file protein19.txt (compact mmCIF, N, CA and C atoms and all ligand atoms)
# COMPACT_ATOMS: atom_id res chain seq x y z
N MET X 208 0.85 -1.19 0.00
CA MET X 208 0.00 0.00 0.00
C MET X 208 0.88 1.24 0.00
N LYS X 209 0.55 2.16 -0.85
CA LYS X 209 1.32 3.39 -0.95
C LYS X 209 0.88 4.38 0.11
N ARG X 210 1.80 5.20 0.53
CA ARG X 210 1.48 6.25 1.48
C ARG X 210 0.67 7.34 0.78
N PRO X 211 -0.21 8.04 1.53
CA PRO X 211 -0.95 9.16 0.93
C PRO X 211 0.03 10.16 0.33
N GLY X 212 -0.32 10.66 -0.81
CA GLY X 212 0.52 11.64 -1.47
C GLY X 212 1.60 11.05 -2.33
N THR X 213 1.69 9.70 -2.39
CA THR X 213 2.70 9.09 -3.25
C THR X 213 2.08 8.30 -4.40
N ALA X 214 0.79 7.96 -4.30
CA ALA X 214 0.12 7.25 -5.38
C ALA X 214 -0.15 8.23 -6.51
N ALA X 215 0.03 7.77 -7.73
CA ALA X 215 -0.15 8.65 -8.89
C ALA X 215 -1.49 8.42 -9.56
N ALA X 216 -2.05 9.49 -10.08
CA ALA X 216 -3.26 9.42 -10.90
C ALA X 216 -3.00 10.22 -12.17
N VAL X 217 -3.43 9.67 -13.28
CA VAL X 217 -3.32 10.38 -14.55
C VAL X 217 -4.72 10.81 -14.95
N VAL X 218 -4.89 12.09 -15.18
CA VAL X 218 -6.20 12.64 -15.53
C VAL X 218 -6.09 13.29 -16.91
N LEU X 219 -6.99 12.89 -17.78
CA LEU X 219 -7.05 13.48 -19.11
C LEU X 219 -7.98 14.69 -19.05
N LEU X 220 -7.44 15.86 -19.27
CA LEU X 220 -8.23 17.09 -19.21
C LEU X 220 -8.73 17.44 -20.60
N SER X 221 -10.05 17.50 -20.71
CA SER X 221 -10.65 17.84 -22.00
C SER X 221 -10.91 19.34 -22.12
N GLY X 222 -10.83 20.03 -21.00
CA GLY X 222 -11.17 21.44 -20.99
C GLY X 222 -12.56 21.67 -20.42
N GLY X 223 -13.29 20.61 -20.18
CA GLY X 223 -14.64 20.72 -19.63
C GLY X 223 -14.65 20.52 -18.12
N LEU X 224 -15.82 20.67 -17.57
CA LEU X 224 -15.99 20.60 -16.13
C LEU X 224 -15.74 19.20 -15.58
N ASP X 225 -16.21 18.16 -16.26
CA ASP X 225 -16.07 16.80 -15.73
C ASP X 225 -14.62 16.41 -15.48
N SER X 226 -13.75 16.71 -16.42
CA SER X 226 -12.36 16.32 -16.22
C SER X 226 -11.69 17.19 -15.16
N ALA X 227 -12.11 18.45 -15.05
CA ALA X 227 -11.57 19.32 -14.00
C ALA X 227 -11.99 18.81 -12.62
N VAL X 228 -13.22 18.32 -12.52
CA VAL X 228 -13.69 17.74 -11.26
C VAL X 228 -12.93 16.46 -10.96
N ALA X 229 -12.66 15.65 -11.99
CA ALA X 229 -11.89 14.42 -11.78
C ALA X 229 -10.50 14.75 -11.25
N LEU X 230 -9.88 15.78 -11.77
CA LEU X 230 -8.57 16.20 -11.29
C LEU X 230 -8.64 16.66 -9.83
N ALA X 231 -9.62 17.48 -9.53
CA ALA X 231 -9.78 17.98 -8.15
C ALA X 231 -10.04 16.82 -7.20
N GLU X 232 -10.84 15.85 -7.63
CA GLU X 232 -11.15 14.69 -6.78
C GLU X 232 -9.90 13.85 -6.54
N ALA X 233 -9.11 13.65 -7.58
CA ALA X 233 -7.87 12.87 -7.42
C ALA X 233 -6.95 13.56 -6.41
N ARG X 234 -6.83 14.87 -6.52
CA ARG X 234 -5.97 15.61 -5.59
C ARG X 234 -6.54 15.57 -4.18
N ALA X 235 -7.87 15.70 -4.07
CA ALA X 235 -8.50 15.68 -2.75
C ALA X 235 -8.31 14.33 -2.06
N GLN X 236 -8.18 13.26 -2.85
CA GLN X 236 -7.98 11.93 -2.28
C GLN X 236 -6.51 11.62 -2.03
N GLY X 237 -5.64 12.60 -2.26
CA GLY X 237 -4.24 12.44 -1.93
C GLY X 237 -3.35 11.93 -3.04
N TYR X 238 -3.90 11.80 -4.22
CA TYR X 238 -3.07 11.33 -5.34
C TYR X 238 -2.17 12.46 -5.84
N VAL X 239 -0.99 12.08 -6.30
CA VAL X 239 -0.15 13.01 -7.03
C VAL X 239 -0.68 12.98 -8.46
N ALA X 240 -1.30 14.07 -8.86
CA ALA X 240 -2.02 14.09 -10.15
C ALA X 240 -1.11 14.53 -11.28
N HIS X 241 -1.19 13.79 -12.36
CA HIS X 241 -0.50 14.15 -13.58
C HIS X 241 -1.57 14.43 -14.62
N ALA X 242 -1.63 15.65 -15.08
CA ALA X 242 -2.68 16.05 -16.02
C ALA X 242 -2.16 15.99 -17.45
N LEU X 243 -2.96 15.37 -18.28
CA LEU X 243 -2.65 15.31 -19.70
C LEU X 243 -3.74 16.03 -20.46
N SER X 244 -3.36 16.72 -21.49
CA SER X 244 -4.34 17.39 -22.33
C SER X 244 -3.80 17.41 -23.75
N PHE X 245 -4.66 17.23 -24.67
CA PHE X 245 -4.26 17.34 -26.07
C PHE X 245 -5.45 17.85 -26.87
N ASP X 246 -5.14 18.41 -27.99
CA ASP X 246 -6.18 18.99 -28.84
C ASP X 246 -6.72 17.92 -29.78
N TYR X 247 -7.97 17.52 -29.54
CA TYR X 247 -8.62 16.58 -30.45
C TYR X 247 -9.84 17.22 -31.09
N GLY X 248 -9.79 18.55 -31.17
CA GLY X 248 -10.85 19.29 -31.83
C GLY X 248 -12.01 19.63 -30.93
N GLN X 249 -11.82 19.48 -29.60
CA GLN X 249 -12.91 19.77 -28.69
C GLN X 249 -13.19 21.27 -28.65
N ARG X 250 -14.44 21.59 -28.39
CA ARG X 250 -14.88 22.98 -28.36
C ARG X 250 -14.21 23.76 -27.23
N HIS X 251 -13.89 23.09 -26.13
CA HIS X 251 -13.37 23.77 -24.95
C HIS X 251 -11.86 23.66 -24.84
N ALA X 252 -11.16 23.51 -25.92
CA ALA X 252 -9.72 23.26 -25.88
C ALA X 252 -8.95 24.29 -25.06
N ARG X 253 -9.40 25.51 -24.99
CA ARG X 253 -8.65 26.54 -24.27
C ARG X 253 -9.46 27.21 -23.18
N GLU X 254 -10.43 26.51 -22.64
CA GLU X 254 -11.30 27.13 -21.65
C GLU X 254 -11.09 26.62 -20.23
N LEU X 255 -10.07 25.81 -20.02
CA LEU X 255 -9.87 25.26 -18.69
C LEU X 255 -9.27 26.30 -17.75
N HIS X 256 -10.05 26.69 -16.78
CA HIS X 256 -9.61 27.62 -15.74
C HIS X 256 -10.19 27.09 -14.43
N ALA X 257 -9.44 27.16 -13.39
CA ALA X 257 -9.94 26.71 -12.09
C ALA X 257 -9.50 27.70 -11.02
N PRO X 258 -9.95 28.95 -11.13
CA PRO X 258 -9.46 29.98 -10.20
C PRO X 258 -9.91 29.76 -8.76
N LEU X 259 -10.91 28.91 -8.53
CA LEU X 259 -11.44 28.73 -7.18
C LEU X 259 -10.96 27.43 -6.53
N ILE X 260 -10.17 26.66 -7.24
CA ILE X 260 -9.86 25.30 -6.79
C ILE X 260 -9.15 25.24 -5.45
N ARG X 261 -8.41 26.27 -5.10
CA ARG X 261 -7.68 26.24 -3.82
C ARG X 261 -8.40 26.99 -2.71
N LEU X 262 -9.60 27.50 -3.00
CA LEU X 262 -10.36 28.23 -1.98
C LEU X 262 -11.33 27.28 -1.27
N THR X 263 -11.62 27.59 -0.01
CA THR X 263 -12.66 26.84 0.70
C THR X 263 -14.01 27.32 0.18
N LYS X 264 -15.07 26.56 0.49
CA LYS X 264 -16.41 26.99 0.08
C LYS X 264 -16.75 28.34 0.69
N GLY X 265 -16.33 28.54 1.94
CA GLY X 265 -16.59 29.83 2.58
C GLY X 265 -15.88 30.97 1.87
N GLU X 266 -14.66 30.72 1.46
CA GLU X 266 -13.91 31.75 0.72
C GLU X 266 -14.55 32.03 -0.64
N ILE X 267 -15.07 30.99 -1.26
CA ILE X 267 -15.74 31.18 -2.56
C ILE X 267 -16.99 32.02 -2.39
N VAL X 268 -17.78 31.72 -1.37
CA VAL X 268 -18.99 32.50 -1.12
C VAL X 268 -18.62 33.95 -0.78
N ALA X 269 -17.62 34.13 0.07
CA ALA X 269 -17.20 35.49 0.44
C ALA X 269 -16.70 36.25 -0.78
N ARG X 270 -15.95 35.59 -1.64
CA ARG X 270 -15.44 36.24 -2.86
C ARG X 270 -16.61 36.62 -3.77
N GLY X 271 -17.57 35.71 -3.94
CA GLY X 271 -18.74 36.01 -4.76
C GLY X 271 -19.53 37.17 -4.19
N HIS X 272 -19.69 37.17 -2.89
CA HIS X 272 -20.42 38.27 -2.23
C HIS X 272 -19.71 39.60 -2.49
N ALA X 273 -18.38 39.61 -2.35
CA ALA X 273 -17.60 40.84 -2.57
C ALA X 273 -17.72 41.33 -4.02
N LEU X 274 -17.91 40.38 -4.94
CA LEU X 274 -18.03 40.73 -6.36
C LEU X 274 -19.47 41.03 -6.77
N GLY X 275 -20.39 40.92 -5.81
CA GLY X 275 -21.78 41.26 -6.11
C GLY X 275 -22.58 40.15 -6.76
N VAL X 276 -22.16 38.91 -6.58
CA VAL X 276 -22.90 37.78 -7.17
C VAL X 276 -24.29 37.69 -6.53
N ASP X 277 -25.29 37.55 -7.38
CA ASP X 277 -26.66 37.32 -6.90
C ASP X 277 -26.81 35.82 -6.70
N PHE X 278 -26.60 35.35 -5.47
CA PHE X 278 -26.62 33.91 -5.19
C PHE X 278 -28.01 33.30 -5.36
N SER X 279 -29.05 34.14 -5.47
CA SER X 279 -30.37 33.56 -5.72
C SER X 279 -30.45 32.99 -7.13
N LEU X 280 -29.50 33.36 -7.98
CA LEU X 280 -29.48 32.85 -9.35
C LEU X 280 -28.54 31.65 -9.50
N THR X 281 -27.96 31.19 -8.41
CA THR X 281 -27.04 30.06 -8.47
C THR X 281 -27.75 28.80 -7.99
N TRP X 282 -27.19 27.66 -8.35
CA TRP X 282 -27.82 26.39 -8.02
C TRP X 282 -26.75 25.35 -7.75
N SER X 283 -26.95 24.53 -6.75
CA SER X 283 -25.97 23.50 -6.41
C SER X 283 -26.58 22.11 -6.27
N CYS X 284 -27.85 22.02 -5.95
CA CYS X 284 -28.49 20.75 -5.56
C CYS X 284 -28.47 19.70 -6.66
N TYR X 285 -28.15 18.45 -6.23
CA TYR X 285 -28.19 17.31 -7.15
C TYR X 285 -29.58 16.68 -7.21
N GLU X 286 -30.38 16.87 -6.15
CA GLU X 286 -31.67 16.19 -6.06
C GLU X 286 -32.76 17.14 -5.58
N PRO X 287 -33.14 18.12 -6.42
CA PRO X 287 -34.13 19.11 -5.97
C PRO X 287 -35.50 18.49 -5.74
N ALA X 288 -36.29 19.15 -4.88
CA ALA X 288 -37.67 18.73 -4.65
C ALA X 288 -38.49 19.01 -5.91
N LEU X 289 -39.66 18.41 -5.99
CA LEU X 289 -40.51 18.58 -7.17
C LEU X 289 -40.88 20.04 -7.40
N ASP X 290 -40.96 20.82 -6.32
CA ASP X 290 -41.30 22.25 -6.49
C ASP X 290 -40.07 23.11 -6.81
N GLY X 291 -38.91 22.48 -6.99
CA GLY X 291 -37.72 23.21 -7.40
C GLY X 291 -36.81 23.64 -6.27
N ARG X 292 -37.25 23.48 -5.02
CA ARG X 292 -36.38 23.86 -3.91
C ARG X 292 -35.23 22.86 -3.77
N ALA X 293 -34.09 23.36 -3.30
CA ALA X 293 -32.95 22.48 -3.06
C ALA X 293 -33.31 21.48 -1.97
N CYS X 294 -32.73 20.28 -2.03
CA CYS X 294 -33.07 19.23 -1.07
C CYS X 294 -32.50 19.51 0.31
N GLY X 295 -31.37 20.17 0.38
CA GLY X 295 -30.75 20.47 1.66
C GLY X 295 -29.96 19.31 2.24
N ALA X 296 -29.95 18.17 1.58
CA ALA X 296 -29.31 16.98 2.15
C ALA X 296 -28.25 16.34 1.26
N CYS X 297 -28.26 16.62 -0.04
CA CYS X 297 -27.28 15.99 -0.92
C CYS X 297 -25.88 16.57 -0.62
N ASP X 298 -24.86 15.90 -1.11
CA ASP X 298 -23.49 16.37 -0.85
C ASP X 298 -23.30 17.82 -1.25
N SER X 299 -23.86 18.20 -2.39
CA SER X 299 -23.69 19.56 -2.87
C SER X 299 -24.38 20.56 -1.96
N CYS X 300 -25.59 20.22 -1.50
CA CYS X 300 -26.31 21.12 -0.58
C CYS X 300 -25.56 21.25 0.75
N VAL X 301 -25.01 20.14 1.23
CA VAL X 301 -24.27 20.18 2.50
C VAL X 301 -23.05 21.09 2.37
N LEU X 302 -22.33 20.97 1.26
CA LEU X 302 -21.14 21.81 1.05
C LEU X 302 -21.55 23.28 0.88
N ARG X 303 -22.64 23.51 0.17
CA ARG X 303 -23.11 24.89 -0.02
C ARG X 303 -23.49 25.51 1.33
N LYS X 304 -24.23 24.75 2.14
CA LYS X 304 -24.65 25.23 3.45
C LYS X 304 -23.42 25.57 4.30
N LYS X 305 -22.41 24.70 4.26
CA LYS X 305 -21.17 24.92 5.02
C LYS X 305 -20.47 26.18 4.52
N GLY X 306 -20.45 26.38 3.22
CA GLY X 306 -19.80 27.57 2.66
C GLY X 306 -20.45 28.86 3.09
N PHE X 307 -21.77 28.90 3.05
CA PHE X 307 -22.47 30.11 3.48
C PHE X 307 -22.29 30.33 4.98
N ALA X 308 -22.29 29.24 5.74
CA ALA X 308 -22.08 29.38 7.20
C ALA X 308 -20.68 29.92 7.48
N GLU X 309 -19.68 29.38 6.80
CA GLU X 309 -18.30 29.85 6.99
C GLU X 309 -18.15 31.32 6.61
N ALA X 310 -18.88 31.74 5.58
CA ALA X 310 -18.80 33.13 5.13
C ALA X 310 -19.66 34.05 5.99
N GLY X 311 -20.52 33.46 6.83
CA GLY X 311 -21.39 34.27 7.68
C GLY X 311 -22.47 34.98 6.89
N LEU X 312 -22.91 34.36 5.81
CA LEU X 312 -23.92 34.95 4.94
C LEU X 312 -25.12 34.01 4.81
N PRO X 313 -26.32 34.60 4.65
CA PRO X 313 -27.49 33.74 4.42
C PRO X 313 -27.52 33.25 2.97
N ASP X 314 -28.00 32.03 2.78
CA ASP X 314 -28.15 31.50 1.42
C ASP X 314 -29.57 31.82 0.96
N PRO X 315 -29.71 32.58 -0.12
CA PRO X 315 -31.06 32.96 -0.56
C PRO X 315 -31.83 31.87 -1.30
N VAL X 316 -31.17 30.74 -1.61
CA VAL X 316 -31.85 29.67 -2.34
C VAL X 316 -32.77 28.91 -1.39
N PRO X 317 -34.06 28.76 -1.74
CA PRO X 317 -34.98 28.02 -0.86
C PRO X 317 -34.62 26.56 -0.77
N VAL X 318 -34.76 26.02 0.45
CA VAL X 318 -34.42 24.62 0.72
C VAL X 318 -35.65 23.92 1.27
N ALA X 319 -35.97 22.75 0.73
CA ALA X 319 -37.06 21.93 1.25
C ALA X 319 -36.66 21.39 2.61
N GLU X 320 -37.59 21.28 3.49
CA GLU X 320 -37.25 20.77 4.84
C GLU X 320 -37.76 19.37 5.02
ZN ZN X 401 -29.47 18.99 -2.62
call {"tool": "encode", "arguments": {"input": "protein19.txt", "output": "structure tokens"}}
result
Amino acid sequence: MKRPGTAAAVVLLSGGLDSAVALAEARAQGYVAHALSFDYGQRHARELHAPLIRLTKGEIVARGHALGVDFSLTWSCYEPALDGRACGACDSCVLRKKGFAEAGLPDPVPVAE
């Protein structure tokens, strides 16, 4: 068994969100990530940016607040209620709730109870 931080992961970056999330997940799990990218004619060949990847959720919310983001127009929930409210329980909702709490700001998105 390898020690944390010594196992390698190779991630193919397409320039889209899915591969960026795969890279972030590999790093979060302690892998030493090696990113590969090549141009195969994809639409997003030059759009890969991850300016928030090293920020906590609270820092992201605080940064958005400072920039005037209308968080009522944002969405995180993986499993919304039938009426459109966030579930409040999925991983994304839990992280969002933690981020707003860390930033000391209310989340304007309605949550089903
Ligand atoms: Zn949810």
call {"tool": "residues_around", "arguments": {"input": "protein19.txt", "residues": "region 280-288 of chain X", "least_positions_apart": "5", "cutoff": "7 Å", "atoms": "only C-alpha atoms", "output": "list of chain:residue names"}}
result
X:Ala293, X:Cys294, X:Cys297, X:Ser299, X:Cys300, X:Ala319
call {"tool": "closest_residue", "arguments": {"input": "protein19.txt", "among": "X:Leu289, X:Ala296, X:Val316, X:Leu219", "to": "ligand ZN 401 (chain X)", "atoms": "only N, CA and C atoms and all ligand atoms"}}
result
X:Ala296
call {"tool": "atom_distance", "arguments": {"input": "protein19.txt", "atom1": "CA of Ala214 (chain X)", "atom2": "CA of Ala240 (chain X)"}}
result
8.6 Å
call {"tool": "select_by_dssp", "arguments": {"input": "protein19.txt", "residues": "region 219-316 of chain X", "states": "helix (DSSP H, G or I)", "output": "PyMOL selection string"}}
result
chain X and resi 224-235+264-273+278-280+298-310
call {"tool": "axis_aligned_box", "arguments": {"input": "protein19.txt", "around": "region 278-293 of chain X", "padding_each_side": "6 Å", "output": "lines of an AutoDock Vina configuration file"}}
result
center_x = -33.6
center_y = 25.8
center_z = -5.7
size_x = 27.3
size_y = 31.2
size_z = 19.5
call {"tool": "atom_distance", "arguments": {"input": "protein19.txt", "atom1": "atom C of His241 (chain X)", "atom2": "CA of Val218 (chain X)"}}
result
5.0 Å
